[in-house]
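Asks: One structure, as structure tokens, below. Some questions next.
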Amino acid sequence: MTEITIDLRDPASFFWWTDVTIRFSDQDPNAHVNNTAFPVYCEAGRVDYLKAVRTHLDIKARSVLASVTVDYVNQLYYPGVVCVGTRLTRVGGKSFTLSQGLFAQGTKKDGLVATSTAVLVGFNYQEDRTLPLPDIMRDALADGRPLTSKG
């Protein structure tokens with residue numbers, strides 16, 4: 001198993017970025033973005049990162065989300081953009097961990113708003129069972145860096 005420790009609060013820790021536009025409907029009656037919107041922003045970053053990995057490696061490997069945590073740091077406001085930094089921080093035989101930092105841009109309060117960690121497991125949907133990660137994927141992900149250049 002390969003594992004690295006990074007500072008999720010530091011934008012320099014991330015190589016891969018996904019910008020997500022904050023929707024008006026993400027707000028709650030307190031005029032800030034509701035906590036339920038943050039996992040959706042994290043999902044956008046994970047999906048974007050994993051799509052690039054699969055494309056770069058030319059594989060069809062799939063995974064299933066086993067767990068996700070979100071730690072809320074600051075309020076987020078509409079309108080604006082959430083810049084989601086995503087980085088691989090652990091690779092095992094069947095599972096891997098993606099860690100994220102969420103940073104507000106263009107809102108009334110820019111900067112870090114949340115961090116997140118998600119564990120994903122290699123999965124065969126036709127057979128409904130977990131699978132070991134393909135060697136090519138495990139090897140490519142082990143360095144934690146993006147496999148294509150972005151942001």
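Naming scheme: A, B, ... for chains in displayed order of the structure tokens; residues 1 onward per chain; ligands 1 onward as shown.
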Give me the residues within 7 Å of stretch 33-47 of chain A as a PyMOL selection string, counting only C-alpha atoms and dropping any in the same chain fewer than 6 places off.
Replies: chain A and resi 18+20+26-27+76-78+84+86
Asks: Determine which residues of chain A receive a DSSP assignment of helix (DSSP H, G or I), computed from the backbone, and state them as a compact mmCIF listing (two decimals) with N, CA, C and O atoms, in the first residue's frame.
Replies:
```
# COMPACT_ATOMS: atom_id res chain seq x y z
N PRO A 11 -3.49 25.00 -1.23
CA PRO A 11 -3.72 24.77 -2.66
C PRO A 11 -2.51 24.17 -3.38
O PRO A 11 -2.67 23.44 -4.36
N ALA A 12 -1.31 24.43 -2.89
CA ALA A 12 -0.11 23.89 -3.53
C ALA A 12 -0.01 22.37 -3.40
O ALA A 12 0.79 21.74 -4.11
N SER A 13 -0.82 21.76 -2.55
CA SER A 13 -0.82 20.30 -2.38
C SER A 13 -1.49 19.58 -3.54
O SER A 13 -1.37 18.36 -3.65
N PHE A 24 -27.56 29.02 -7.70
CA PHE A 24 -28.46 29.77 -6.82
C PHE A 24 -29.18 28.82 -5.87
O PHE A 24 -29.35 29.10 -4.69
N SER A 25 -29.57 27.67 -6.38
CA SER A 25 -30.33 26.70 -5.58
C SER A 25 -29.48 26.01 -4.51
O SER A 25 -30.02 25.29 -3.68
N ASP A 26 -28.16 26.24 -4.50
CA ASP A 26 -27.30 25.67 -3.46
C ASP A 26 -27.44 26.41 -2.13
O ASP A 26 -26.98 25.92 -1.10
N ASN A 35 -24.84 22.94 3.50
CA ASN A 35 -23.86 21.87 3.66
C ASN A 35 -24.07 20.72 2.68
O ASN A 35 -23.13 20.01 2.33
N THR A 36 -25.29 20.51 2.22
CA THR A 36 -25.55 19.39 1.31
C THR A 36 -24.96 19.60 -0.09
O THR A 36 -24.83 18.63 -0.84
N ALA A 37 -24.60 20.83 -0.43
CA ALA A 37 -24.01 21.09 -1.74
C ALA A 37 -22.54 20.69 -1.80
O ALA A 37 -22.03 20.34 -2.87
N PHE A 38 -21.85 20.70 -0.67
CA PHE A 38 -20.41 20.43 -0.66
C PHE A 38 -20.06 19.03 -1.18
O PHE A 38 -19.13 18.89 -1.97
N PRO A 39 -20.78 17.97 -0.76
CA PRO A 39 -20.46 16.65 -1.32
C PRO A 39 -20.66 16.58 -2.84
O PRO A 39 -19.96 15.83 -3.52
N VAL A 40 -21.58 17.38 -3.36
CA VAL A 40 -21.79 17.42 -4.81
C VAL A 40 -20.58 18.04 -5.50
O VAL A 40 -20.13 17.58 -6.55
N TYR A 41 -20.02 19.09 -4.91
CA TYR A 41 -18.80 19.70 -5.46
C TYR A 41 -17.64 18.71 -5.42
O TYR A 41 -16.86 18.61 -6.37
N CYS A 42 -17.54 17.96 -4.33
CA CYS A 42 -16.49 16.94 -4.21
C CYS A 42 -16.65 15.87 -5.29
O CYS A 42 -15.68 15.43 -5.90
N GLU A 43 -17.88 15.45 -5.49
CA GLU A 43 -18.17 14.44 -6.52
C GLU A 43 -17.72 14.92 -7.89
O GLU A 43 -17.11 14.17 -8.66
N ALA A 44 -17.98 16.18 -8.21
CA ALA A 44 -17.57 16.73 -9.51
C ALA A 44 -16.06 16.63 -9.67
O ALA A 44 -15.57 16.26 -10.75
N GLY A 45 -15.32 16.93 -8.61
CA GLY A 45 -13.86 16.82 -8.68
C GLY A 45 -13.39 15.39 -8.84
O GLY A 45 -12.49 15.10 -9.63
N ARG A 46 -14.00 14.47 -8.08
CA ARG A 46 -13.62 13.05 -8.19
C ARG A 46 -13.89 12.50 -9.57
O ARG A 46 -13.05 11.82 -10.17
N VAL A 47 -15.08 12.78 -10.09
CA VAL A 47 -15.46 12.26 -11.40
C VAL A 47 -14.53 12.80 -12.49
O VAL A 47 -14.08 12.07 -13.36
N ASP A 48 -14.24 14.09 -12.43
CA ASP A 48 -13.35 14.71 -13.40
C ASP A 48 -11.97 14.08 -13.36
O ASP A 48 -11.39 13.71 -14.38
N TYR A 49 -11.43 13.90 -12.16
CA TYR A 49 -10.10 13.30 -11.99
C TYR A 49 -10.08 11.86 -12.51
O TYR A 49 -9.19 11.46 -13.27
N LEU A 50 -11.06 11.05 -12.09
CA LEU A 50 -11.07 9.64 -12.49
C LEU A 50 -11.30 9.46 -13.98
O LEU A 50 -10.74 8.55 -14.59
N LYS A 51 -12.10 10.33 -14.59
CA LYS A 51 -12.30 10.26 -16.04
C LYS A 51 -10.96 10.49 -16.75
O LYS A 51 -10.63 9.78 -17.71
N ALA A 52 -10.19 11.44 -16.29
CA ALA A 52 -8.89 11.72 -16.89
C ALA A 52 -7.94 10.54 -16.72
O ALA A 52 -7.20 10.18 -17.64
N VAL A 53 -7.96 9.91 -15.55
CA VAL A 53 -7.11 8.74 -15.30
C VAL A 53 -7.47 7.61 -16.26
O VAL A 53 -6.61 7.02 -16.90
N ARG A 54 -8.76 7.33 -16.37
CA ARG A 54 -9.20 6.24 -17.27
C ARG A 54 -8.86 6.54 -18.73
O ARG A 54 -8.43 5.65 -19.46
N THR A 55 -9.04 7.78 -19.13
CA THR A 55 -8.72 8.16 -20.50
C THR A 55 -7.23 8.03 -20.76
O THR A 55 -6.80 7.47 -21.77
N HIS A 56 -6.43 8.55 -19.85
CA HIS A 56 -4.98 8.51 -20.01
C HIS A 56 -4.45 7.08 -20.09
O HIS A 56 -3.56 6.78 -20.88
N LEU A 57 -4.99 6.21 -19.25
CA LEU A 57 -4.52 4.82 -19.21
C LEU A 57 -5.24 3.92 -20.20
O LEU A 57 -4.86 2.76 -20.36
N ASP A 135 -3.17 -3.50 -12.37
CA ASP A 135 -1.78 -3.12 -12.10
C ASP A 135 -1.41 -1.79 -12.75
O ASP A 135 -0.76 -0.96 -12.13
N ILE A 136 -1.84 -1.58 -13.99
CA ILE A 136 -1.50 -0.35 -14.69
C ILE A 136 -2.08 0.87 -13.97
O ILE A 136 -1.45 1.92 -13.89
N MET A 137 -3.26 0.70 -13.40
CA MET A 137 -3.88 1.81 -12.67
C MET A 137 -3.17 2.03 -11.34
O MET A 137 -2.84 3.15 -10.97
N ARG A 138 -2.91 0.96 -10.62
CA ARG A 138 -2.23 1.07 -9.33
C ARG A 138 -0.85 1.70 -9.51
O ARG A 138 -0.46 2.60 -8.77
N ASP A 139 -0.11 1.25 -10.52
CA ASP A 139 1.22 1.79 -10.77
C ASP A 139 1.17 3.27 -11.15
O ASP A 139 1.96 4.08 -10.67
N ALA A 140 0.21 3.62 -12.00
CA ALA A 140 0.11 5.01 -12.46
C ALA A 140 -0.36 5.93 -11.34
O ALA A 140 0.07 7.08 -11.26
N LEU A 141 -1.23 5.44 -10.48
CA LEU A 141 -1.76 6.27 -9.40
C LEU A 141 -0.81 6.38 -8.23
O LEU A 141 -0.91 7.30 -7.43
```
Asks: Among chain A, which residues carry a DSSP assignment of strand (DSSP E or B), reported as a count of residues only?
Replies: 58
Asks: Mind checking which residues fall within 8 Å of A:Pro132, counting only C-alpha atoms, ignoring those fewer than 6 positions away in the same chain, and posting them as a CSV table (one decimal) with C-alpha atoms, in the first residue's frame?
Replies:
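File produced: out_2.csv:
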```
chain,number,residue,atom,x,y,z
A,93,GLY,CA,-4.8,-3.6,-3.5
A,94,LYS,CA,-8.6,-3.0,-4.1
A,95,SER,CA,-9.1,0.5,-2.8
A,122,GLY,CA,-12.4,-1.3,-7.5
```
Asks: Here is a test: counting only C-alpha atoms, which residue of A:Leu98, A:Ala61, A:Ala104, A:Val91 is nearest to A:Ile22?
Replies: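 When distances to A:Ile22 are compared using only C-alpha atoms, the smallest one comes from A:Ala104.
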Asks: Here is a test: counting only C-alpha atoms, which residue of A:Cys83, A:Leu112, A:Ala31, A:Ile4 is nearest to A:Ser99?
Replies: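 The answer is A:Ile4, which sits nearest to A:Ser99.
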Asks: Using only C-alpha atoms, which residues sit within 12 Å of A:Asp128 once same-chain residues fewer than 3 positions away are excluded, as an NGL selection string?
Replies: :A and (62-64 or 122-125 or 131)
Asks: With distances taken over only C-alpha atoms, which of A:Ala66, A:Arg23, A:Gln75, A:Asn30 is nearest to A:Lys108?
Replies: A:Gln75
Asks: Could you tell me how far atom CA of A:Gln100 sits from atom CA of A:Ala118, in Å to one decimal place?
Replies: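 We find that atom CA of A:Ala118 and atom CA of A:Gln100 lie 8.5 Å from each other.
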Asks: Would you please work out which residue, of A:Val119, A:Leu8, A:Leu133, A:Leu88, is nearest to A:Val73 when using only C-alpha atoms?
Replies: A:Leu8
Asks: Compare A:Gly101, A:Ser67, A:Phe96, A:Pro79 by their minimum atom-to-atom distance to A:Trp17, counting only C-alpha atoms, and give me the closest one.
Replies: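 Answer, going by the shortest atom-to-atom distance: A:Gly101.
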Asks: Between atom CA of A:Asp10 and atom CA of A:Thr107, what is the distance in Å, rounded to a tenth?
Replies: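 Interatomic distance here is 18.9 Å.
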Asks: Could you check which of A:Val113, A:Met1, A:Ile6, A:Val121 is closest to A:Arg87, using only C-alpha atoms?
Replies: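 Of A:Val113, A:Met1, A:Ile6, A:Val121, the one nearest A:Arg87, counting only C-alpha atoms, is A:Ile6.
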